[in-house]
$ cat input_35.cif   # mmCIF, C-alpha atoms
data_model
loop_
_atom_site.label_atom_id
_atom_site.label_comp_id
_atom_site.auth_asym_id
_atom_site.auth_seq_id
_atom_site.Cartn_x
_atom_site.Cartn_y
_atom_site.Cartn_z
CA MET A 248 107.49 96.90 117.63
CA LYS A 249 104.66 98.87 116.06
CA ILE A 250 103.86 102.34 117.34
CA ILE A 251 101.08 104.77 116.51
CA ALA A 252 101.99 108.39 117.34
CA ILE A 253 98.91 110.60 117.26
CA ALA A 254 98.18 114.29 117.99
CA SER A 255 95.84 116.97 116.71
CA ALA A 256 97.24 119.72 114.50
CA GLY A 257 99.04 122.63 116.15
CA GLY A 258 100.98 122.63 119.39
CA HIS A 259 100.09 119.04 120.30
CA TRP A 260 101.61 117.82 117.05
CA THR A 261 104.70 120.04 117.42
CA GLN A 262 105.30 118.58 120.88
CA LEU A 263 104.83 115.00 119.63
CA LEU A 264 107.47 115.50 116.92
CA ARG A 265 109.94 116.81 119.48
CA MET A 266 109.91 113.32 121.03
CA LYS A 267 110.32 111.32 117.84
CA SER A 268 113.88 110.23 118.56
CA ALA A 269 112.41 108.14 121.40
CA TRP A 270 110.74 105.78 118.91
CA ALA A 271 113.27 105.92 116.06
CA GLY A 272 113.81 102.50 114.53
CA HIS A 273 110.38 101.13 115.41
CA GLU A 274 107.61 100.51 112.89
CA LEU A 275 105.59 103.70 112.89
CA LEU A 276 102.31 105.25 111.90
CA TYR A 277 101.71 108.96 112.47
CA VAL A 278 98.16 110.26 112.81
CA SER A 279 97.04 113.91 112.86
CA THR A 280 94.06 116.04 111.85
CA LYS A 281 95.39 117.71 108.69
CA ALA A 282 96.26 115.68 105.59
CA SER A 283 99.06 118.09 104.68
CA PHE A 284 100.86 117.33 107.94
CA SER A 285 102.38 114.29 106.23
CA THR A 286 105.04 116.78 105.08
CA PHE A 287 106.30 116.99 108.68
CA VAL A 288 107.22 113.29 108.64
CA PRO A 289 108.68 112.61 105.19
CA GLY A 290 109.25 108.94 104.47
CA GLU A 291 107.01 107.86 107.36
CA ARG A 292 103.54 106.35 107.16
CA PHE A 293 100.92 108.98 107.92
CA VAL A 294 97.12 109.15 107.97
CA SER A 295 94.81 112.00 108.87
CA VAL A 296 91.53 111.90 110.77
CA ARG A 297 88.76 114.47 110.98
CA ASP A 298 89.46 117.32 113.38
CA SER A 299 86.94 117.84 116.18
CA SER A 300 86.59 119.40 119.61
CA ARG A 301 84.28 118.90 122.55
CA TRP A 302 81.89 121.46 121.01
CA ASP A 303 81.37 119.44 117.86
CA LYS A 304 79.52 116.29 118.93
CA ILE A 305 78.94 114.77 115.49
CA GLY A 306 82.51 115.51 114.51
CA LEU A 307 83.67 113.72 117.66
CA LEU A 308 81.78 110.59 116.64
CA ILE A 309 83.29 110.59 113.16
CA THR A 310 86.79 111.12 114.53
CA PHE A 311 86.21 108.35 117.06
CA LYS A 312 85.13 105.91 114.35
CA GLU A 313 88.19 106.77 112.25
CA ILE A 314 90.55 106.29 115.18
CA PHE A 315 88.88 103.03 116.15
CA GLN A 316 89.33 101.72 112.60
CA ILE A 317 93.00 102.72 112.49
CA ILE A 318 93.90 101.08 115.80
CA PHE A 319 91.78 98.00 115.06
CA ARG A 320 93.45 97.55 111.67
CA GLU A 321 97.02 98.38 112.67
CA LYS A 322 97.13 96.47 115.97
CA PRO A 323 99.97 98.60 117.37
CA ASP A 324 101.97 97.53 120.41
CA ILE A 325 102.00 101.11 121.65
CA VAL A 326 99.84 104.18 121.03
CA ILE A 327 101.44 107.44 122.11
CA THR A 328 99.83 110.89 122.17
CA THR A 329 100.18 114.47 123.34
CA GLY A 330 96.42 115.17 122.90
CA ALA A 331 94.02 116.68 122.43
CA ALA A 332 90.53 115.21 121.69
CA PRO A 333 91.78 112.66 119.11
CA GLY A 334 94.45 111.65 121.62
CA VAL A 335 91.85 110.97 124.30
CA MET A 336 89.90 108.83 121.84
CA ALA A 337 93.04 106.90 120.97
CA MET A 338 93.52 106.17 124.70
CA VAL A 339 89.94 104.93 125.05
CA VAL A 340 90.11 102.75 121.94
CA SER A 341 93.50 101.34 122.95
CA LYS A 342 92.13 100.31 126.32
CA PHE A 343 89.21 98.47 124.71
CA LEU A 344 91.40 96.82 122.09
CA GLY A 345 94.02 95.79 124.64
CA ARG A 346 96.78 98.09 123.38
CA LYS A 347 99.24 99.89 125.62
CA ALA A 348 98.77 103.64 125.45
CA ILE A 349 100.91 106.54 126.64
CA TRP A 350 99.60 110.04 127.33
CA ILE A 351 101.93 113.02 127.58
CA ASP A 352 100.11 116.09 128.83
CA SER A 353 100.89 119.31 126.95
CA ILE A 354 103.56 121.59 128.38
CA ALA A 355 100.95 124.36 128.12
CA ASN A 356 99.22 122.87 131.16
CA VAL A 357 101.38 124.65 133.67
CA GLU A 358 99.05 124.90 136.65
CA GLN A 359 96.98 121.75 136.37
CA ILE A 360 96.71 118.58 134.32
CA SER A 361 94.37 119.16 131.38
CA MET A 362 90.79 117.92 131.44
CA SER A 363 91.69 115.68 128.48
CA GLY A 364 94.63 114.30 130.44
CA LYS A 365 92.48 113.53 133.47
CA ILE A 366 90.03 111.59 131.29
CA ALA A 367 92.82 109.88 129.36
CA SER A 368 94.47 108.73 132.58
CA TYR A 369 91.62 106.27 133.21
CA PHE A 370 92.43 104.50 129.94
CA ALA A 371 96.15 104.99 129.41
CA TRP A 372 98.88 102.56 130.40
CA LYS A 373 101.24 105.37 131.42
CA CYS A 374 100.74 109.12 131.81
CA TYR A 375 103.21 111.95 132.01
CA THR A 376 103.01 115.60 132.98
CA GLN A 377 105.71 117.97 131.79
CA TRP A 378 105.71 119.80 135.12
CA PRO A 379 107.31 118.29 138.25
CA GLU A 380 104.82 120.20 140.46
CA LEU A 381 101.91 118.37 138.85
CA LYS A 382 103.11 114.79 139.17
CA ASN A 383 100.89 112.49 141.21
CA GLU A 384 99.99 108.81 141.51
CA ARG A 385 98.72 108.73 137.92
CA PHE A 386 101.03 111.22 136.21
CA LYS A 387 104.77 110.75 136.22
CA TYR A 388 107.27 113.53 135.49
CA ALA A 389 110.34 112.68 133.39
CA GLY A 390 111.22 115.96 131.66
CA ASN A 391 109.57 118.14 129.05
CA VAL A 392 109.59 118.87 125.32
CA LEU A 393 111.33 122.22 125.68
CA LYS A 394 114.57 121.07 127.35
CA MET B 18 105.74 142.15 107.33
CA ILE B 19 104.14 141.03 110.55
CA PHE B 20 102.58 137.57 110.60
CA VAL B 21 99.73 137.04 113.04
CA THR B 22 98.62 133.52 114.02
CA THR B 23 95.42 132.75 115.89
CA GLY B 24 95.33 128.96 115.70
CA THR B 25 93.13 126.62 113.72
CA GLN B 26 90.28 125.73 116.06
CA LEU B 27 88.86 128.65 117.99
CA PRO B 28 88.08 132.18 116.82
CA PHE B 29 90.00 135.03 118.42
CA ASP B 30 88.19 138.20 117.37
CA ARG B 31 89.65 140.37 120.16
CA LEU B 32 93.15 139.87 118.75
CA ILE B 33 91.98 140.48 115.19
CA GLU B 34 90.25 143.73 116.22
CA ALA B 35 93.42 144.84 118.01
CA ILE B 36 95.52 144.02 114.94
CA ASP B 37 93.09 145.93 112.73
CA LYS B 38 93.59 149.02 114.90
CA LEU B 39 97.33 148.41 115.01
CA ALA B 40 97.49 148.26 111.21
CA GLU B 41 95.77 151.67 111.03
CA ALA B 42 98.26 153.14 113.49
CA PHE B 43 101.28 151.58 111.77
CA SER B 44 100.24 152.15 108.18
CA ASP B 45 103.76 151.60 106.82
CA GLU B 46 103.64 148.00 108.02
CA SER B 47 101.84 145.12 106.35
CA PHE B 48 100.06 142.43 108.33
CA ILE B 49 99.15 138.92 107.32
CA VAL B 50 96.62 137.46 109.73
CA GLN B 51 95.84 133.74 109.89
CA ILE B 52 92.36 133.09 111.28
CA SER B 53 90.07 130.11 111.72
CA ASN B 54 86.76 131.91 111.08
CA TYR B 55 87.59 133.31 107.67
CA ASP B 56 83.96 133.75 106.60
CA THR B 57 82.78 135.96 109.44
CA VAL B 58 85.67 138.33 110.02
CA GLN B 59 86.00 141.72 108.38
CA VAL B 60 88.75 144.25 108.82
CA LYS B 61 88.89 147.95 108.04
CA SER B 62 92.59 148.41 107.52
CA GLN B 63 94.02 148.25 104.03
CA ASN B 64 97.23 146.89 105.47
CA ILE B 65 95.78 143.57 106.56
CA LYS B 66 95.57 140.46 104.48
CA LEU B 67 93.43 137.74 106.04
CA VAL B 68 94.20 134.10 105.39
CA GLY B 69 92.48 130.94 106.58
CA PHE B 70 94.15 127.68 107.54
CA LEU B 71 97.57 127.51 105.90
CA GLU B 72 99.20 124.33 104.72
CA PRO B 73 102.59 123.80 106.39
CA GLU B 74 104.64 124.98 103.40
CA GLU B 75 102.69 128.21 103.04
CA PHE B 76 102.67 128.76 106.80
CA ASN B 77 106.45 128.39 106.86
CA GLN B 78 106.86 130.88 104.01
CA TYR B 79 104.92 133.56 105.91
CA PHE B 80 106.65 132.66 109.15
CA ASP B 81 110.13 132.83 107.61
CA SER B 82 109.61 136.09 105.76
CA ALA B 83 107.97 137.90 108.70
CA ASP B 84 109.99 140.43 110.70
CA LEU B 85 107.84 139.80 113.73
CA ILE B 86 105.31 137.15 114.76
CA ILE B 87 102.29 138.09 116.85
CA GLY B 88 100.43 135.01 117.98
CA HIS B 89 97.87 133.61 120.33
CA ALA B 90 99.75 131.82 123.09
CA GLY B 91 99.49 128.40 121.45
CA MET B 92 102.45 126.06 121.84
CA GLY B 93 102.65 125.50 118.07
CA THR B 94 103.44 129.16 117.42
CA ILE B 95 105.64 129.49 120.50
CA LEU B 96 107.76 126.38 119.83
CA LYS B 97 108.20 127.25 116.17
CA ALA B 98 109.29 130.81 116.98
CA LEU B 99 111.77 129.51 119.57
CA GLU B 100 113.14 126.87 117.17
CA ASP B 101 113.55 129.46 114.39
CA GLY B 102 114.82 132.24 116.67
CA LYS B 103 111.97 134.50 115.51
CA ALA B 104 110.89 137.68 117.24
CA LEU B 105 107.61 136.89 118.94
CA VAL B 106 104.84 138.67 120.84
CA VAL B 107 102.10 136.51 122.31
CA PHE B 108 98.57 137.65 123.09
CA PRO B 109 96.99 135.04 125.36
CA ARG B 110 93.38 133.92 125.09
CA LYS B 111 91.25 134.43 128.18
CA ALA B 112 88.68 131.93 129.35
CA SER B 113 86.69 134.74 131.02
CA LEU B 114 86.07 136.18 127.54
CA VAL B 115 85.16 132.71 126.22
CA GLU B 116 88.26 132.63 124.05
CA HIS B 117 89.34 129.26 125.38
CA ARG B 118 88.16 126.39 127.56
CA ASN B 119 90.36 127.47 130.47
CA ASP B 120 93.06 129.98 131.32
CA HIS B 121 96.03 127.77 130.51
CA GLN B 122 97.30 130.30 127.94
CA MET B 123 97.63 132.86 130.74
CA ALA B 124 99.60 130.33 132.79
CA THR B 125 101.73 129.42 129.78
CA VAL B 126 102.75 133.01 129.13
CA GLY B 127 103.43 133.56 132.82
CA TRP B 128 105.97 130.75 132.75
CA LEU B 129 107.53 131.81 129.41
CA LYS B 130 107.73 135.42 130.57
CA ARG B 131 109.63 134.38 133.70
CA LEU B 132 112.11 132.53 131.47
CA LYS B 133 112.30 135.68 129.29
CA LEU B 134 111.40 133.61 126.24
CA VAL B 135 108.50 135.68 124.96
CA ASN B 136 107.03 139.17 125.04
CA VAL B 137 103.46 139.28 126.24
CA ALA B 138 100.72 141.71 125.20
CA GLU B 139 97.33 141.61 126.87
CA SER B 140 95.76 144.63 125.20
CA TYR B 141 95.92 146.86 122.14
CA GLU B 142 97.95 149.35 124.17
CA ASP B 143 100.52 146.65 124.98
CA LEU B 144 100.80 145.80 121.28
CA VAL B 145 101.39 149.47 120.38
CA LYS B 146 104.13 149.76 123.00
CA LEU B 147 105.84 146.55 121.91
CA LEU B 148 105.65 147.37 118.22
CA HIS B 149 107.17 150.82 118.84
CA ALA B 150 110.01 149.16 120.76
CA PHE B 151 110.48 146.65 117.97
CA LYS B 152 110.58 149.30 115.27
CA GLU B 153 113.01 151.43 117.25
CA GLY B 154 115.56 148.72 116.80
CA LEU B 155 115.15 146.98 120.12
CA GLU B 156 114.85 143.68 118.24
CA ASP B 157 117.30 142.03 120.59
CA GLN B 158 114.83 141.98 123.42
CA PHE B 159 112.46 140.08 121.17
CA ILE B 160 114.76 137.27 120.16
CA SER B 161 115.74 134.65 122.61
CA GLU B 162 118.30 131.92 122.20
CA LYS B 163 117.29 129.35 119.61
CA ILE B 164 116.14 126.07 121.03
CA GLU B 165 116.76 122.69 119.46
CA SER B 166 113.77 120.84 118.05
CA VAL B 167 114.03 117.96 120.48
CA ALA B 168 112.62 117.23 123.92
CA SER B 169 114.75 116.96 127.06
CA GLU B 170 117.12 113.99 127.19
CA SER B 171 115.46 112.71 130.35
CA LEU B 172 112.06 112.53 128.65
CA ILE B 173 113.47 110.83 125.55
CA SER B 174 115.36 108.22 127.57
CA GLU B 175 112.32 107.58 129.79
CA LEU B 176 110.15 106.98 126.72
CA LYS B 177 112.80 104.76 125.14
CA SER B 178 113.00 102.58 128.22
CA VAL B 179 109.20 102.40 128.54
CA LEU B 180 108.92 101.33 124.89
CA ASN B 181 111.55 98.63 125.40
CA GLU B 182 109.86 97.51 128.61
CA SER B 183 106.63 96.91 126.71
CA ILE B 184 108.14 94.45 124.21
#

$ encode --input "input_35.cif" --output "structure tokens"
Amino acid sequence: MKIIAIASAGGHWTQLLRMKSAWAGHELLYVSTKASFSTFVPGERFVSVRDSSRWDKIGLLITFKEIFQIIFREKPDIVITTGAAPGVMAMVVSKFLGRKAIWIDSIANVEQISMSGKIASYFAWKCYTQWPELKNERFKYAGNVLK
Amino acid sequence: MIFVTTGTQLPFDRLIEAIDKLAEAFSDESFIVQISNYDTVQVKSQNIKLVGFLEPEEFNQYFDSADLIIGHAGMGTILKALEDGKALVVFPRKASLVEHRNDHQMATVGWLKRLKLVNVAESYEDLVKLLHAFKEGLEDQFISEKIESVASESLISELKSVLNESI
């Protein structure tokens, strides 16, 4: 099975890597927003996309185009993300290209599901929160990245 | 050396100003401060070295050689400090001061504080107090048990079964 694991640089990426044993043995492509982050996943396929946030509208479009091209070209069975903006885009693109996508909301969202997560949940196949108090009909709780 | 991280996306001038003052007060200590808005920030203290985005290798070098990490309450900094068993003080961003989109950093530190995993500073005065405590040899209260760099077993096994289900 082919899996794309995508997260923006920083805490989202750190959390994604803490789950990597879940997809060990599958064909993988990692995607993040800093080219140098390939060093976190030695021996694995890695590509970077432009970083952007909701305040950078043109940047968002470029990132979206890059993510669309990656998912279109790779045809993954599963796209998995911990956020943030590039993760939401990956969920949207996956939905349109008929790919199954999994969203794991950041553990930093202690009191409520993130805005990104709420948007992503309309496109994702499965969604998780890392807080049992926040689970609902769209977000399942199955543990967290901290242990 | 004290390594200060403020993340890669949003500026955090309130923390940088507090660190600038801190570096004047603790002139025997050197500070390396990682910031996202390298071009617009200026500091008065001679003890501060400003750096922009750091590649992972360089970031790790500063992180490893620091005696203490002071960071914004981003999960990247927090998880790395916990994995490495590094002394850490977090200074959360506040949405009311337009330092973040919402107050999740306040909620994050509330949870980590209850678990006694981090020390929290919300002002310059808090930083002074914590740094005095640190320098007086109370390092123990700053270092929590190291955590492994893997998510909970229940989350891993859930994801494994979901991936298999999708074949």

$ residues_around --input "input_35.cif" --residues "stretch 70-83 of chain B" --least-positions-apart "2" --cutoff "12 Å" --atoms "all atoms listed in the file" --output "VMD selection string"
(chain A and resid 256 to 257 261 281 to 288) or (chain B and resid 18 to 28 46 to 56 66 to 68 85 to 88 93 to 95 97 to 98 100 to 105)

$ residues_around --input "input_35.cif" --residues "A:Met336" --least-positions-apart "6" --cutoff "10 Å" --atoms "only C-alpha atoms" --output "list in words"
Leu307, Leu308, Thr310, Phe311, Lys312, Glu313, Ile314, Phe315, Gly330, Lys342, Ser363, Ile366, Ala367 and Phe370 of chain A

$ resolve_selection --input "input_35.cif" --expression "the PyMOL selection byres ((chain A) within 9 of (chain B))" --output "PyMOL selection string"
chain A and resi 248+256-262+264-270+281+283-284+286-287+298-300+324-325+347+353-359+361+373+377+388-394

$ resolve_selection --input "input_35.cif" --expression "the PyMOL selection byres ((chain A and resi 252) around 7)" --output "list in words"
Ile250, Ile251, Ile253, Leu276, Tyr277, Val278, Val326, Ile327 and Thr328 of chain A

$ resolve_selection --input "input_35.cif" --expression "the PyMOL selection byres ((chain B and resi 33) around 9)" --output "list in words"
Val21, Thr23, Phe29, Asp30, Arg31, Leu32, Glu34, Ala35, Ile36, Asp37, Lys38, Val50, Ile52, Val58 and Val60 of chain B

$ write_last_selection --input "input_35.cif" --atoms "C-alpha atoms" --output "mmCIF file, in the frame of the given file"
data_model
loop_
_atom_site.group_PDB
_atom_site.id
_atom_site.type_symbol
_atom_site.label_atom_id
_atom_site.label_comp_id
_atom_site.auth_asym_id
_atom_site.auth_seq_id
_atom_site.Cartn_x
_atom_site.Cartn_y
_atom_site.Cartn_z
ATOM 1 C CA VAL B 21 99.730 137.040 113.040
ATOM 2 C CA THR B 23 95.420 132.750 115.890
ATOM 3 C CA PHE B 29 90.000 135.030 118.420
ATOM 4 C CA ASP B 30 88.190 138.200 117.370
ATOM 5 C CA ARG B 31 89.650 140.370 120.160
ATOM 6 C CA LEU B 32 93.150 139.870 118.750
ATOM 7 C CA GLU B 34 90.250 143.730 116.220
ATOM 8 C CA ALA B 35 93.420 144.840 118.010
ATOM 9 C CA ILE B 36 95.520 144.020 114.940
ATOM 10 C CA ASP B 37 93.090 145.930 112.730
ATOM 11 C CA LYS B 38 93.590 149.020 114.900
ATOM 12 C CA VAL B 50 96.620 137.460 109.730
ATOM 13 C CA ILE B 52 92.360 133.090 111.280
ATOM 14 C CA VAL B 58 85.670 138.330 110.020
ATOM 15 C CA VAL B 60 88.750 144.250 108.820
#

$ decode --input "input_35.cif" --residues "stretch 160-172 of chain B" --atoms "all heavy atoms" --output "tab-separated table (two decimals), in the first residue's frame"
chain	number	residue	atom	x	y	z
B	160	ILE	N	13.68	19.43	35.00
B	160	ILE	CA	13.84	18.28	34.11
B	160	ILE	C	12.85	17.20	34.49
B	160	ILE	O	12.85	16.71	35.62
B	160	ILE	CB	15.28	17.74	34.15
B	160	ILE	CG1	16.24	18.85	33.71
B	160	ILE	CG2	15.42	16.52	33.26
B	160	ILE	CD1	17.69	18.54	33.92
B	161	SER	N	12.02	16.86	33.55
B	161	SER	CA	11.07	15.80	33.84
B	161	SER	C	11.61	14.50	33.26
B	161	SER	O	12.63	14.48	32.58
B	161	SER	CB	9.72	16.13	33.23
B	161	SER	OG	9.86	16.31	31.85
B	162	GLU	N	10.92	13.44	33.53
B	162	GLU	CA	11.30	12.14	33.00
B	162	GLU	C	11.34	12.20	31.47
B	162	GLU	O	10.46	12.79	30.86
B	162	GLU	CB	10.24	11.14	33.44
B	162	GLU	CG	10.81	9.82	33.89
B	162	GLU	CD	9.69	8.93	34.39
B	162	GLU	OE1	9.01	9.34	35.35
B	162	GLU	OE2	9.49	7.87	33.80
B	163	LYS	N	12.35	11.58	30.89
B	163	LYS	CA	12.41	11.54	29.42
B	163	LYS	C	11.24	10.75	28.87
B	163	LYS	O	10.87	9.72	29.43
B	163	LYS	CB	13.69	10.86	28.98
B	163	LYS	CG	14.86	11.78	28.82
B	163	LYS	CD	15.98	11.03	28.09
B	163	LYS	CE	17.28	11.80	28.21
B	163	LYS	NZ	18.35	11.20	27.41
B	164	ILE	N	10.71	11.20	27.75
B	164	ILE	CA	9.67	10.41	27.11
B	164	ILE	C	10.25	9.75	25.86
B	164	ILE	O	11.19	10.25	25.25
B	164	ILE	CB	8.43	11.25	26.74
B	164	ILE	CG1	8.80	12.38	25.76
B	164	ILE	CG2	7.76	11.81	27.98
B	164	ILE	CD1	7.60	12.96	25.04
B	165	GLU	N	9.66	8.63	25.49
B	165	GLU	CA	10.10	7.97	24.26
B	165	GLU	C	9.54	8.72	23.06
B	165	GLU	O	8.52	9.38	23.16
B	165	GLU	CB	9.58	6.53	24.25
B	165	GLU	CG	10.37	5.61	25.15
B	165	GLU	CD	9.84	4.20	25.06
B	165	GLU	OE1	9.89	3.63	23.95
B	165	GLU	OE2	9.37	3.69	26.09
B	166	SER	N	10.21	8.55	21.90
B	166	SER	CA	9.77	9.32	20.74
B	166	SER	C	8.74	8.56	19.92
B	166	SER	O	8.83	8.46	18.71
B	166	SER	CB	10.97	9.70	19.88
B	166	SER	OG	11.68	8.55	19.53
B	167	VAL	N	7.76	8.01	20.61
B	167	VAL	CA	6.72	7.26	19.91
B	167	VAL	C	5.36	7.53	20.55
B	167	VAL	O	5.27	7.79	21.77
B	167	VAL	CB	7.06	5.75	19.90
B	167	VAL	CG1	7.11	5.19	21.30
B	167	VAL	CG2	6.09	4.96	19.02
B	168	ALA	N	4.34	7.52	19.74
B	168	ALA	CA	2.98	7.78	20.24
B	168	ALA	C	2.49	6.63	21.11
B	168	ALA	O	3.14	5.58	21.20
B	168	ALA	CB	2.04	7.99	19.06
B	169	SER	N	1.34	6.81	21.71
B	169	SER	CA	0.77	5.76	22.58
B	169	SER	C	0.47	4.51	21.76
B	169	SER	O	0.14	4.59	20.58
B	169	SER	CB	-0.50	6.27	23.26
B	169	SER	OG	-1.51	6.49	22.30
B	170	GLU	N	0.61	3.36	22.42
B	170	GLU	CA	0.38	2.08	21.72
B	170	GLU	C	-1.02	2.01	21.14
B	170	GLU	O	-1.23	1.48	20.04
B	170	GLU	CB	0.57	0.91	22.70
B	170	GLU	CG	1.99	0.40	22.74
B	170	GLU	CD	2.18	-0.61	23.87
B	170	GLU	OE1	1.30	-1.48	24.03
B	170	GLU	OE2	3.20	-0.51	24.56
B	171	SER	N	-1.99	2.56	21.87
B	171	SER	CA	-3.38	2.48	21.39
B	171	SER	C	-3.55	3.25	20.09
B	171	SER	O	-4.26	2.81	19.19
B	171	SER	CB	-4.34	2.99	22.46
B	171	SER	OG	-4.03	4.32	22.81
B	172	LEU	N	-2.87	4.40	19.97
B	172	LEU	CA	-3.00	5.18	18.73
B	172	LEU	C	-2.31	4.45	17.57
B	172	LEU	O	-2.84	4.37	16.47
B	172	LEU	CB	-2.41	6.58	18.91
B	172	LEU	CG	-2.52	7.53	17.71
B	172	LEU	CD1	-3.97	7.70	17.27
B	172	LEU	CD2	-1.91	8.89	18.03
